[in-house]
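The next block is start.pdb, given as PDB, C-alpha atoms and all ligand atoms.
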```
ATOM      1  CA  MET M   1       0.000   0.000   0.000
ATOM      2  CA  LYS M   2       1.242   3.498  -0.836
ATOM      3  CA  LYS M   3       2.328   5.654   2.110
ATOM      4  CA  LYS M   4       0.150   8.624   2.955
ATOM      5  CA  VAL M   5       1.723  11.995   2.341
ATOM      6  CA  ILE M   6       0.543  15.581   2.731
ATOM      7  CA  VAL M   7       1.679  18.265   0.299
ATOM      8  CA  ALA M   8       1.452  21.675   1.944
ATOM      9  CA  ASN M   9       1.422  24.844  -0.125
ATOM     10  CA  ARG M  10       4.195  24.275  -2.603
ATOM     11  CA  LEU M  11       5.456  21.511  -4.844
ATOM     12  CA  GLU M  12       6.068  21.997  -8.562
ATOM     13  CA  GLN M  13       3.597  20.083 -10.742
ATOM     14  CA  GLU M  14       6.191  17.861 -12.412
ATOM     15  CA  ALA M  15       7.518  16.754  -9.025
ATOM     16  CA  LEU M  16       3.982  16.324  -7.689
ATOM     17  CA  ASP M  17       3.014  14.085 -10.630
ATOM     18  CA  GLU M  18       6.078  11.930 -10.001
ATOM     19  CA  LEU M  19       5.401  11.788  -6.254
ATOM     20  CA  LYS M  20       1.869  10.548  -6.898
ATOM     21  CA  LYS M  21       3.324   7.414  -8.511
ATOM     22  CA  HIS M  22       4.971   6.517  -5.208
ATOM     23  CA  ALA M  23       2.699   7.871  -2.501
ATOM     24  CA  ASP M  24      -0.943   8.467  -1.636
ATOM     25  CA  VAL M  25      -0.921  12.262  -1.817
ATOM     26  CA  SER M  26      -3.322  14.853  -0.331
ATOM     27  CA  CYS M  27      -2.676  18.469  -1.281
ATOM     28  CA  PHE M  28      -3.511  21.511   0.829
ATOM     29  CA  TYR M  29      -2.878  25.112  -0.183
ATOM     30  CA  ASN M  30      -2.741  28.354   1.839
ATOM     31  CA  ILE M  31      -2.289  26.319   4.972
ATOM     32  CA  ILE M  32      -0.170  27.606   7.848
ATOM     33  CA  SER M  33      -1.185  25.510  10.812
ATOM     34  CA  THR M  34      -3.987  23.165  11.936
ATOM     35  CA  GLU M  35      -6.852  25.460  10.952
ATOM     36  CA  ASN M  36      -8.389  23.130   8.370
ATOM     37  CA  GLU M  37     -10.511  20.138   9.522
ATOM     38  CA  GLU M  38      -9.838  18.021   6.457
ATOM     39  CA  PHE M  39      -6.114  18.669   6.886
ATOM     40  CA  VAL M  40      -6.253  17.566  10.532
ATOM     41  CA  LYS M  41      -8.029  14.367   9.463
ATOM     42  CA  LYS M  42      -5.288  13.603   6.947
ATOM     43  CA  LEU M  43      -2.608  14.443   9.503
ATOM     44  CA  LYS M  44      -3.678  11.481  11.658
ATOM     45  CA  GLU M  45      -2.637   9.027   8.953
ATOM     46  CA  ALA M  46       0.196  10.907   7.272
ATOM     47  CA  GLU M  47       3.688   9.415   7.336
ATOM     48  CA  GLY M  48       5.197  12.328   5.467
ATOM     49  CA  ILE M  49       4.687  16.047   4.949
ATOM     50  CA  ILE M  50       6.308  17.925   2.092
ATOM     51  CA  GLY M  51       5.969  21.616   1.278
ATOM     52  CA  LEU M  52       6.672  25.141   2.348
ATOM     53  CA  GLY M  53       5.564  27.481   5.092
ATOM     54  CA  LEU M  54       3.593  25.032   7.253
ATOM     55  CA  ASN M  55       4.227  25.560  10.966
ATOM     56  CA  VAL M  56       5.275  22.152  12.181
ATOM     57  CA  ASP M  57       5.157  22.648  15.930
ATOM     58  CA  LYS M  58       4.185  20.647  19.012
ATOM     59  CA  GLN M  59       0.487  21.268  18.473
ATOM     60  CA  LEU M  60       0.595  19.942  14.905
ATOM     61  CA  LEU M  61       2.813  17.015  15.822
ATOM     62  CA  ASP M  62       0.387  15.909  18.539
ATOM     63  CA  LEU M  63      -2.133  15.429  15.735
ATOM     64  CA  ALA M  64       0.253  13.432  13.533
ATOM     65  CA  PRO M  65       1.101  10.210  15.381
ATOM     66  CA  ASN M  66       2.391   8.355  12.294
ATOM     67  CA  LEU M  67       4.687  11.025  10.957
ATOM     68  CA  LYS M  68       8.209   9.917   9.968
ATOM     69  CA  ILE M  69       9.517  12.821   7.929
ATOM     70  CA  VAL M  70       8.893  16.497   7.175
ATOM     71  CA  SER M  71      10.492  17.617   3.927
ATOM     72  CA  ASN M  72      10.757  21.382   3.430
ATOM     73  CA  VAL M  73      10.864  22.786  -0.110
ATOM     74  CA  SER M  74      13.164  25.577   1.069
ATOM     75  CA  VAL M  75      16.588  26.054   2.527
ATOM     76  CA  GLY M  76      15.182  27.936   5.537
ATOM     77  CA  TYR M  77      13.467  25.792   8.135
ATOM     78  CA  ASN M  78      12.352  28.275  10.767
ATOM     79  CA  ASN M  79       8.832  26.865  10.239
ATOM     80  CA  LEU M  80       9.946  23.568  11.795
ATOM     81  CA  ASP M  81      10.370  22.921  15.512
ATOM     82  CA  VAL M  82      13.461  20.800  14.898
ATOM     83  CA  GLU M  83      14.018  20.119  18.591
ATOM     84  CA  GLU M  84      10.506  18.717  18.964
ATOM     85  CA  LEU M  85      10.792  16.700  15.739
ATOM     86  CA  THR M  86      14.072  15.215  16.909
ATOM     87  CA  LYS M  87      12.584  14.324  20.302
ATOM     88  CA  ARG M  88       9.891  12.402  18.460
ATOM     89  CA  ASN M  89      12.383  10.738  16.059
ATOM     90  CA  ILE M  90      10.866  12.461  13.063
ATOM     91  CA  MET M  91      13.272  13.425  10.295
ATOM     92  CA  ALA M  92      13.431  16.987   8.981
ATOM     93  CA  THR M  93      14.966  17.911   5.631
ATOM     94  CA  ASN M  94      15.531  21.066   3.568
ATOM     95  CA  THR M  95      16.840  21.948   0.091
ATOM     96  CA  PRO M  96      20.210  23.684   0.411
ATOM     97  CA  ASP M  97      22.809  24.395  -2.313
ATOM     98  CA  ILE M  98      20.642  24.196  -5.435
ATOM     99  CA  LEU M  99      19.138  27.625  -4.758
ATOM    100  CA  THR M 100      22.324  29.411  -3.701
ATOM    101  CA  ASP M 101      23.115  31.192  -6.976
ATOM    102  CA  THR M 102      19.476  31.942  -7.720
ATOM    103  CA  VAL M 103      18.955  33.654  -4.359
ATOM    104  CA  ALA M 104      22.263  35.516  -4.735
ATOM    105  CA  ASP M 105      21.096  36.760  -8.166
ATOM    106  CA  THR M 106      17.823  37.978  -6.650
ATOM    107  CA  MET M 107      19.615  39.744  -3.822
ATOM    108  CA  PHE M 108      21.926  41.481  -6.229
ATOM    109  CA  GLY M 109      19.002  42.422  -8.442
ATOM    110  CA  LEU M 110      17.206  43.866  -5.451
ATOM    111  CA  LEU M 111      20.289  45.805  -4.404
ATOM    112  CA  LEU M 112      20.744  47.243  -7.902
ATOM    113  CA  ALA M 113      17.039  48.002  -8.271
ATOM    114  CA  THR M 114      16.999  49.881  -4.973
ATOM    115  CA  ALA M 115      20.238  51.788  -5.569
ATOM    116  CA  ARG M 116      19.365  52.769  -9.147
ATOM    117  CA  ARG M 117      15.626  53.190  -8.388
ATOM    118  CA  ILE M 118      14.698  50.902 -11.259
ATOM    119  CA  PRO M 119      11.041  50.135 -10.335
ATOM    120  CA  GLU M 120      10.320  53.798  -9.592
ATOM    121  CA  LEU M 121      11.833  54.946 -12.881
ATOM    122  CA  ASP M 122      10.157  52.156 -14.807
ATOM    123  CA  GLN M 123       6.851  53.461 -13.473
ATOM    124  CA  TYR M 124       7.842  57.025 -14.421
ATOM    125  CA  VAL M 125       8.537  56.016 -18.018
ATOM    126  CA  LYS M 126       5.385  53.896 -18.340
ATOM    127  CA  GLU M 127       3.260  56.696 -16.942
ATOM    128  CA  ARG M 128       4.502  58.783 -19.926
ATOM    129  CA  LYS M 129       6.160  61.319 -17.622
ATOM    130  CA  TRP M 130       9.542  61.198 -19.351
ATOM    131  CA  LYS M 131       9.512  64.384 -21.373
ATOM    132  CA  GLY M 132      13.078  65.602 -21.318
ATOM    133  CA  ASP M 133      16.497  65.266 -19.786
ATOM    134  CA  LEU M 134      16.358  63.876 -16.251
ATOM    135  CA  THR M 135      17.360  66.148 -13.381
ATOM    136  CA  ALA M 136      19.293  65.122 -10.280
ATOM    137  CA  GLU M 137      16.165  64.300  -8.305
ATOM    138  CA  PHE M 138      15.937  61.095 -10.352
ATOM    139  CA  TYR M 139      19.509  59.949  -9.896
ATOM    140  CA  GLY M 140      20.409  56.806  -8.088
ATOM    141  CA  VAL M 141      23.641  55.987  -6.272
ATOM    142  CA  ASP M 142      26.585  53.882  -7.390
ATOM    143  CA  VAL M 143      26.937  50.245  -6.475
ATOM    144  CA  HIS M 144      30.379  49.556  -7.959
ATOM    145  CA  HIS M 145      33.368  50.302  -5.714
ATOM    146  CA  LYS M 146      31.129  50.870  -2.678
ATOM    147  CA  THR M 147      31.224  48.960   0.609
ATOM    148  CA  LEU M 148      28.882  46.029   1.051
ATOM    149  CA  GLY M 149      28.280  44.670   4.563
ATOM    150  CA  ILE M 150      26.916  41.127   4.483
ATOM    151  CA  ILE M 151      25.320  39.775   7.658
ATOM    152  CA  GLY M 152      25.299  35.982   7.423
ATOM    153  CA  MET M 153      28.221  34.495   5.486
ATOM    154  CA  GLY M 154      26.757  31.081   4.664
ATOM    155  CA  ARG M 155      26.516  29.672   1.153
ATOM    156  CA  ILE M 156      24.241  32.451  -0.134
ATOM    157  CA  GLY M 157      26.240  35.200   1.592
ATOM    158  CA  GLN M 158      29.360  33.881  -0.122
ATOM    159  CA  ALA M 159      27.664  33.785  -3.538
ATOM    160  CA  ILE M 160      26.669  37.432  -3.017
ATOM    161  CA  ALA M 161      30.236  38.302  -1.990
ATOM    162  CA  HIS M 162      31.473  36.616  -5.178
ATOM    163  CA  ARG M 163      29.223  38.802  -7.337
ATOM    164  CA  ALA M 164      30.061  41.950  -5.399
ATOM    165  CA  HIS M 165      33.819  41.418  -5.430
ATOM    166  CA  HIS M 166      34.347  40.069  -8.941
ATOM    167  CA  GLY M 167      31.539  41.846 -10.738
ATOM    168  CA  PHE M 168      31.248  45.170  -8.967
ATOM    169  CA  HIS M 169      34.658  45.705  -7.339
ATOM    170  CA  MET M 170      32.991  46.301  -3.988
ATOM    171  CA  ASP M 171      34.736  46.200  -0.633
ATOM    172  CA  ILE M 172      33.217  43.388   1.392
ATOM    173  CA  LEU M 173      32.652  43.513   5.138
ATOM    174  CA  TYR M 174      30.917  40.600   6.800
ATOM    175  CA  HIS M 175      29.520  39.504  10.111
ATOM    176  CA  SER M 176      28.625  35.925  10.947
ATOM    177  CA  ARG M 177      28.843  33.424  13.803
ATOM    178  CA  THR M 178      32.341  32.397  12.768
ATOM    179  CA  LYS M 179      35.195  34.076  10.930
ATOM    180  CA  LYS M 180      35.792  32.519   7.510
ATOM    181  CA  GLN M 181      39.421  32.595   6.421
ATOM    182  CA  GLU M 182      38.707  31.200   2.960
ATOM    183  CA  VAL M 183      36.038  33.853   2.281
ATOM    184  CA  GLU M 184      38.397  36.595   3.444
ATOM    185  CA  GLU M 185      41.042  35.424   1.001
ATOM    186  CA  LYS M 186      38.732  34.762  -1.950
ATOM    187  CA  TYR M 187      36.787  38.029  -1.786
ATOM    188  CA  ASN M 188      39.186  40.220   0.138
ATOM    189  CA  ALA M 189      36.466  40.342   2.809
ATOM    190  CA  THR M 190      36.939  41.752   6.302
ATOM    191  CA  TYR M 191      35.201  40.401   9.392
ATOM    192  CA  LYS M 192      33.555  43.107  11.523
ATOM    193  CA  ASN M 193      31.532  43.115  14.677
ATOM    194  CA  LEU M 194      27.938  44.034  13.944
ATOM    195  CA  GLU M 195      28.234  47.643  15.104
ATOM    196  CA  ASN M 196      31.250  48.393  12.925
ATOM    197  CA  LEU M 197      29.740  46.661   9.918
ATOM    198  CA  LEU M 198      26.595  48.774  10.239
ATOM    199  CA  ALA M 199      28.538  51.995  10.642
ATOM    200  CA  GLU M 200      30.937  51.420   7.740
ATOM    201  CA  SER M 201      28.733  49.882   5.020
ATOM    202  CA  ASP M 202      27.082  51.694   2.116
ATOM    203  CA  TYR M 203      24.877  48.626   1.646
ATOM    204  CA  VAL M 204      23.823  46.412   4.543
ATOM    205  CA  LEU M 205      22.563  43.058   3.312
ATOM    206  CA  LEU M 206      20.937  40.636   5.733
ATOM    207  CA  ILE M 207      20.950  36.990   4.651
ATOM    208  CA  THR M 208      21.133  35.092   7.919
ATOM    209  CA  PRO M 209      18.745  32.250   8.830
ATOM    210  CA  LEU M 210      15.983  33.045  11.324
ATOM    211  CA  THR M 211      16.890  31.453  14.655
ATOM    212  CA  LYS M 212      16.342  32.265  18.337
ATOM    213  CA  GLU M 213      19.567  34.272  18.192
ATOM    214  CA  THR M 214      18.833  36.243  15.017
ATOM    215  CA  ARG M 215      15.156  37.064  15.654
ATOM    216  CA  GLY M 216      14.827  40.872  15.771
ATOM    217  CA  MET M 217      18.594  41.362  15.450
ATOM    218  CA  ILE M 218      18.203  44.573  13.375
ATOM    219  CA  GLY M 219      16.074  47.120  15.214
ATOM    220  CA  ALA M 220      16.062  50.811  16.146
ATOM    221  CA  ARG M 221      19.576  50.773  17.592
ATOM    222  CA  GLU M 222      21.042  48.994  14.579
ATOM    223  CA  PHE M 223      19.323  51.279  12.056
ATOM    224  CA  SER M 224      20.604  54.293  13.994
ATOM    225  CA  LEU M 225      24.166  53.024  13.590
ATOM    226  CA  MET M 226      23.902  52.872   9.782
ATOM    227  CA  LYS M 227      24.966  55.739   7.520
ATOM    228  CA  GLU M 228      22.218  58.166   6.504
ATOM    229  CA  THR M 229      22.996  57.150   2.941
ATOM    230  CA  ALA M 230      22.850  53.428   3.707
ATOM    231  CA  ILE M 231      20.661  51.077   1.684
ATOM    232  CA  PHE M 232      19.322  48.108   3.623
ATOM    233  CA  ILE M 233      18.523  44.823   1.861
ATOM    234  CA  ASN M 234      16.697  41.971   3.577
ATOM    235  CA  GLY M 235      16.732  38.504   2.016
ATOM    236  CA  SER M 236      16.589  36.463   5.200
ATOM    237  CA  ARG M 237      13.226  36.464   6.980
ATOM    238  CA  GLY M 238      10.935  39.320   7.996
ATOM    239  CA  GLN M 239      11.361  38.439  11.657
ATOM    240  CA  THR M 240      15.121  38.957  11.710
ATOM    241  CA  ILE M 241      14.383  42.678  11.774
ATOM    242  CA  VAL M 242      11.966  44.814  13.760
ATOM    243  CA  GLU M 243       9.833  46.010  10.874
ATOM    244  CA  LYS M 244       8.290  48.973  12.691
ATOM    245  CA  ASP M 245      11.818  50.211  13.452
ATOM    246  CA  LEU M 246      12.730  49.955   9.779
ATOM    247  CA  ILE M 247       9.649  52.021   8.939
ATOM    248  CA  SER M 248      10.679  54.673  11.513
ATOM    249  CA  ALA M 249      14.276  54.693  10.249
ATOM    250  CA  LEU M 250      13.068  55.277   6.682
ATOM    251  CA  ARG M 251      10.562  57.935   7.755
ATOM    252  CA  SER M 252      13.151  59.875   9.723
ATOM    253  CA  ASN M 253      15.800  59.528   6.984
ATOM    254  CA  GLU M 254      18.074  57.604   9.307
ATOM    255  CA  ILE M 255      18.774  55.390   6.306
ATOM    256  CA  ALA M 256      18.226  56.152   2.626
ATOM    257  CA  ALA M 257      16.339  53.203   1.194
ATOM    258  CA  ALA M 258      15.474  49.525   1.535
ATOM    259  CA  GLY M 259      15.058  46.518  -0.737
ATOM    260  CA  LEU M 260      12.922  43.805   0.816
ATOM    261  CA  ASP M 261      12.112  40.261  -0.285
ATOM    262  CA  VAL M 262      10.698  39.252   3.100
ATOM    263  CA  PHE M 263       8.262  40.767   5.592
ATOM    264  CA  GLU M 264       7.076  40.277   9.139
ATOM    265  CA  VAL M 265       3.672  39.164   7.813
ATOM    266  CA  GLU M 266       3.515  37.463   4.422
ATOM    267  CA  PRO M 267       1.780  38.226   2.175
ATOM    268  CA  ILE M 268       2.426  41.823   3.230
ATOM    269  CA  GLN M 269      -0.712  43.521   4.580
ATOM    270  CA  PRO M 270      -2.266  46.249   2.370
ATOM    271  CA  ASP M 271      -1.934  48.902   5.096
ATOM    272  CA  ASN M 272       1.796  48.328   5.602
ATOM    273  CA  PRO M 273       3.444  51.817   5.276
ATOM    274  CA  LEU M 274       6.390  50.275   3.419
ATOM    275  CA  LEU M 275       4.111  49.938   0.401
ATOM    276  CA  ASP M 276       3.765  53.708   0.107
ATOM    277  CA  MET M 277       7.452  54.555   0.293
ATOM    278  CA  PRO M 278       9.053  55.278  -3.085
ATOM    279  CA  ASN M 279      12.503  54.498  -1.678
ATOM    280  CA  VAL M 280      11.459  50.945  -0.769
ATOM    281  CA  VAL M 281      11.608  48.181  -3.363
ATOM    282  CA  THR M 282       9.474  45.175  -2.509
ATOM    283  CA  LEU M 283       9.407  41.586  -3.763
ATOM    284  CA  PRO M 284       6.954  38.831  -2.784
ATOM    285  CA  HIS M 285       9.535  36.475  -1.174
ATOM    286  CA  ILE M 286      10.833  35.185  -4.507
ATOM    287  CA  GLY M 287      14.526  34.735  -3.703
ATOM    288  CA  SER M 288      14.657  31.207  -5.094
ATOM    289  CA  SER M 289      11.734  31.451  -7.487
ATOM    290  CA  THR M 290      12.954  30.700 -10.946
ATOM    291  CA  TYR M 291      11.341  27.821 -12.768
ATOM    292  CA  GLU M 292      14.550  25.792 -12.889
ATOM    293  CA  THR M 293      15.415  26.269  -9.238
ATOM    294  CA  GLU M 294      11.922  25.720  -7.840
ATOM    295  CA  LEU M 295      11.666  22.488  -9.819
ATOM    296  CA  ALA M 296      15.081  21.324  -8.632
ATOM    297  CA  MET M 297      14.088  22.142  -5.041
ATOM    298  CA  SER M 298      10.803  20.246  -5.406
ATOM    299  CA  LYS M 299      12.614  17.227  -6.833
ATOM    300  CA  LEU M 300      15.197  17.210  -4.053
ATOM    301  CA  ALA M 301      12.443  17.558  -1.447
ATOM    302  CA  CYS M 302      10.669  14.521  -2.974
ATOM    303  CA  LYS M 303      13.911  12.566  -2.963
ATOM    304  CA  ASN M 304      14.357  13.394   0.720
ATOM    305  CA  LEU M 305      10.778  12.448   1.500
ATOM    306  CA  LEU M 306      10.805   9.112  -0.316
ATOM    307  CA  ALA M 307      14.206   8.164   1.120
ATOM    308  CA  GLY M 308      12.910   8.797   4.633
ATOM    309  CA  LEU M 309       9.663   6.912   4.036
ATOM    310  CA  ASN M 310      11.561   3.926   2.624
ATOM    311  CA  GLY M 311      13.984   3.681   5.544
ATOM    312  CA  ASN M 312      16.914   5.322   3.751
ATOM    313  CA  LYS M 313      18.880   8.358   4.812
ATOM    314  CA  PRO M 314      17.559  11.514   3.090
ATOM    315  CA  PRO M 315      20.333  13.335   1.190
ATOM    316  CA  THR M 316      19.875  16.637   3.026
ATOM    317  CA  LEU M 317      18.773  15.633   6.494
ATOM    318  CA  ILE M 318      18.746  18.417   9.091
ATOM    319  CA  ASN M 319      18.499  16.400  12.306
ATOM    320  CA  GLU M 320      21.219  13.759  11.900
ATOM    321  CA  LYS M 321      20.508  12.614  15.451
ATOM    322  CA  VAL M 322      17.285  10.915  14.347
ATOM    323  CA  TRP M 323      19.228   8.868  11.818
ATOM    324  CA  LYS M 324      21.891   7.920  14.355
ATOM    325  CA  ASN M 325      19.177   6.763  16.786
ATOM    326  CA  LYS M 326      17.754   4.318  14.237
TER     327      LYS M 326
HETATM  328  C1  LIG I 401      14.093  29.454   1.294
HETATM  329  O1  LIG I 401      14.404  28.490   0.568
HETATM  330  O2  LIG I 401      14.306  29.467   2.517
HETATM  331  C2  LIG I 401      13.402  30.584   0.637
HETATM  332  O3  LIG I 401      13.445  31.738   1.394
HETATM  333  C3  LIG I 401      11.960  30.203   0.383
HETATM  334  O4  LIG I 401      11.294  30.152   1.608
END
```

Is it possible to give me this structure as structure tokens?
Amino acid sequence: MKKKVIVANRLEQEALDELKKHADVSCFYNIISTENEEFVKKLKEAEGIIGLGLNVDKQLLDLAPNLKIVSNVSVGYNNLDVEELTKRNIMATNTPDILTDTVADTMFGLLLATARRIPELDQYVKERKWKGDLTAEFYGVDVHHKTLGIIGMGRIGQAIAHRAHHGFHMDILYHSRTKKQEVEEKYNATYKNLENLLAESDYVLLITPLTKETRGMIGAREFSLMKETAIFINGSRGQTIVEKDLISALRSNEIAAAGLDVFEVEPIQPDNPLLDMPNVVTLPHIGSSTYETELAMSKLACKNLLAGLNGNKPPTLINEKVWKNK
């Protein structure tokens, strides 16, 4: 008999079709927690969950007594209570590596778009307002040869540093849990404590995972340390910053602009003041969303899921301890 699996929110069609050959699949969309009765019913029998953005916490796990594996279609796994999963010997997996360059491309695009005001000027042209030579009020600021401060020097941080150093001749400062000798040599990067990085960077780019330690790490104090001309880019999670403090910092011109792929509440609420700020460029959390990369992530997530369900070690297991305990 095929094993029962829940697909939550995201799995590319091609991967879903393939998964259906191997598992008894129930799909749920726009699901965050245990709000849906039919979903709760399916949870009771499910041996696997695959998808994105479902809060797998104690409350959900209490309703899923047969669960063996949760396979995230994302590199970030702040939606999973890994400690609780591990306690219950349930495997957790994510999809690292394959999205690294795609997310780095998005982050660089966002940085360029914010610095050179591309969406704002696109709008200006399409609204037929371009009548003559542009005056200084429309100018952007340079990216090349400026100083980029990267907070979070994991795989994606390094791919951003690569682009910045080789493509844009930027000076790289970084802050992360550990100093990375190899990164320093490859990209001529300099490790800084957070305060110095904030004070010295023209661009501050946040790409750290959301953890207990990083939640709310950039707030009023941190924005006040940045240059008045600083451009802030967030590609990590909305909760790594204090969003209301970012709004205040932008309103009071403590920083110049922001490029945001992530928000405290997603989708962003219509009354969020960030939506009315011309110096803020927004994206709907699409760091990894190219067709090729999303499909590759979906396929890897399926591979993880089926390995776990069939008693094999998933290729990108997060909680190794569960495997060791087998
Ligand atoms: C990731 O893979 O973590 C992306 O941010 C999508 O959630």

### Query
Any idea what's packed within 7 Å of stretch 104-112 of chain M, counting all atoms listed in the file, ignoring anything in its chain fewer than 3 positions away? Could you give it as number ranges by chain?
M: 100-101, 115-116, 156, 159-160, 233, 235, 259, 287

### Task
Output the neighbourhood of ligand LIG 401 (chain I) as an NGL selection string, that is, all protein and nucleic acid residues with some atom at most 12 Å from the ligand, counting only C-alpha atoms and all ligand atoms.
:M and (9-10 or 51-54 or 72-80 or 93-104 or 106-107 or 156 or 207-210 or 234-238 or 261-263 or 266 or 283-290 or 293-294 or 296-298 or 301)

### the PyMOL selection byres (((chain M and resi 179-189) around 8) and not hetatm) applied to the shown file, residues as a ChimeraX atom specification
/M:158,161-162,165-166,171-178,190-191

### Message
To test your reading of the syntax: which residues would the PyMOL selection byres (((chain M and resi 144-147) around 8) and not hetatm) return for the file shown? Reply as a ChimeraX atom specification.
### Response
/M:142-143,148-149,168-173,200-203

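For the residues M:Glu120, M:Glu222, M:Glu137, M:Glu213, ranking by smallest atom-to-atom distance to M:Gln239 using only C-alpha atoms places M:Glu213 first.
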
Given 8 Å on each side, where is the centre and what are the edge lengths in Å to one decimal of the axis-aligned box enclosing the listed atoms of stretch 206-221 of chain M, as lines of an AutoDock Vina configuration file?
```
center_x = 18.0
center_y = 41.1
center_z = 11.5
size_x = 22.3
size_y = 35.4
size_z = 29.7
```

### Query
Interatomic distance between atom CA of M:Ile49 and atom CA of M:Ala8?
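Atom-to-atom, atom CA of M:Ile49 to atom CA of M:Ala8, that is 7.2 Å.
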
If you apply the PyMOL selection byres (((chain M and resi 7) around 12) and not hetatm) to this file, what residues do you get, as a PDB file with C-alpha atoms, in the frame of the given file?
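Okay, this is what ended up in out-v1.pdb:
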```pdb
ATOM      1  CA  LYS M   4       0.150   8.624   2.955  1.00  0.00           C
ATOM      2  CA  VAL M   5       1.723  11.995   2.341  1.00  0.00           C
ATOM      3  CA  ILE M   6       0.543  15.581   2.731  1.00  0.00           C
ATOM      4  CA  ALA M   8       1.452  21.675   1.944  1.00  0.00           C
ATOM      5  CA  ASN M   9       1.422  24.844  -0.125  1.00  0.00           C
ATOM      6  CA  ARG M  10       4.195  24.275  -2.603  1.00  0.00           C
ATOM      7  CA  LEU M  11       5.456  21.511  -4.844  1.00  0.00           C
ATOM      8  CA  GLU M  12       6.068  21.997  -8.562  1.00  0.00           C
ATOM      9  CA  GLN M  13       3.597  20.083 -10.742  1.00  0.00           C
ATOM     10  CA  ALA M  15       7.518  16.754  -9.025  1.00  0.00           C
ATOM     11  CA  LEU M  16       3.982  16.324  -7.689  1.00  0.00           C
ATOM     12  CA  ASP M  17       3.014  14.085 -10.630  1.00  0.00           C
ATOM     13  CA  LEU M  19       5.401  11.788  -6.254  1.00  0.00           C
ATOM     14  CA  LYS M  20       1.869  10.548  -6.898  1.00  0.00           C
ATOM     15  CA  ALA M  23       2.699   7.871  -2.501  1.00  0.00           C
ATOM     16  CA  ASP M  24      -0.943   8.467  -1.636  1.00  0.00           C
ATOM     17  CA  VAL M  25      -0.921  12.262  -1.817  1.00  0.00           C
ATOM     18  CA  SER M  26      -3.322  14.853  -0.331  1.00  0.00           C
ATOM     19  CA  CYS M  27      -2.676  18.469  -1.281  1.00  0.00           C
ATOM     20  CA  PHE M  28      -3.511  21.511   0.829  1.00  0.00           C
ATOM     21  CA  TYR M  29      -2.878  25.112  -0.183  1.00  0.00           C
ATOM     22  CA  ASN M  30      -2.741  28.354   1.839  1.00  0.00           C
ATOM     23  CA  ILE M  31      -2.289  26.319   4.972  1.00  0.00           C
ATOM     24  CA  PHE M  39      -6.114  18.669   6.886  1.00  0.00           C
ATOM     25  CA  LYS M  42      -5.288  13.603   6.947  1.00  0.00           C
ATOM     26  CA  LEU M  43      -2.608  14.443   9.503  1.00  0.00           C
ATOM     27  CA  ALA M  46       0.196  10.907   7.272  1.00  0.00           C
ATOM     28  CA  GLU M  47       3.688   9.415   7.336  1.00  0.00           C
ATOM     29  CA  GLY M  48       5.197  12.328   5.467  1.00  0.00           C
ATOM     30  CA  ILE M  49       4.687  16.047   4.949  1.00  0.00           C
ATOM     31  CA  ILE M  50       6.308  17.925   2.092  1.00  0.00           C
ATOM     32  CA  GLY M  51       5.969  21.616   1.278  1.00  0.00           C
ATOM     33  CA  LEU M  52       6.672  25.141   2.348  1.00  0.00           C
ATOM     34  CA  GLY M  53       5.564  27.481   5.092  1.00  0.00           C
ATOM     35  CA  LEU M  54       3.593  25.032   7.253  1.00  0.00           C
ATOM     36  CA  VAL M  70       8.893  16.497   7.175  1.00  0.00           C
ATOM     37  CA  SER M  71      10.492  17.617   3.927  1.00  0.00           C
ATOM     38  CA  ASN M  72      10.757  21.382   3.430  1.00  0.00           C
ATOM     39  CA  VAL M  73      10.864  22.786  -0.110  1.00  0.00           C
ATOM     40  CA  SER M 298      10.803  20.246  -5.406  1.00  0.00           C
ATOM     41  CA  ALA M 301      12.443  17.558  -1.447  1.00  0.00           C
ATOM     42  CA  CYS M 302      10.669  14.521  -2.974  1.00  0.00           C
ATOM     43  CA  LEU M 305      10.778  12.448   1.500  1.00  0.00           C
TER      44      LEU M 305
END
```

### Query
Separation of atom CA of M:Lys68 and atom CA of M:Lys326, in Å?
11.9 Å

### Query
Which of these, M:Ala164, M:Lys131, M:Glu45, M:Ile150, has the shortest distance to M:Leu197 once you count only C-alpha atoms?
M:Ile150

### Query
Rounded to one decimal in Å, what is the spacing between atom CA of M:Gly152 and atom CA of M:Leu194?
10.7 Å

### Message
List as a list in words the protein and nucleic acid residues near M:Val281, meaning an atom at most 9 Å away when all atoms listed in the file are counted, but skip any in the same chain fewer than 2 places from it.
### Response
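That gives Leu110, Ala113, Thr114, Arg117, Ile118, Pro119, Glu120, Ala257, Ala258, Gly259, Leu260, Asp261, Leu274, Leu275, Met277, Pro278, Asn279 and Leu283 of chain M.
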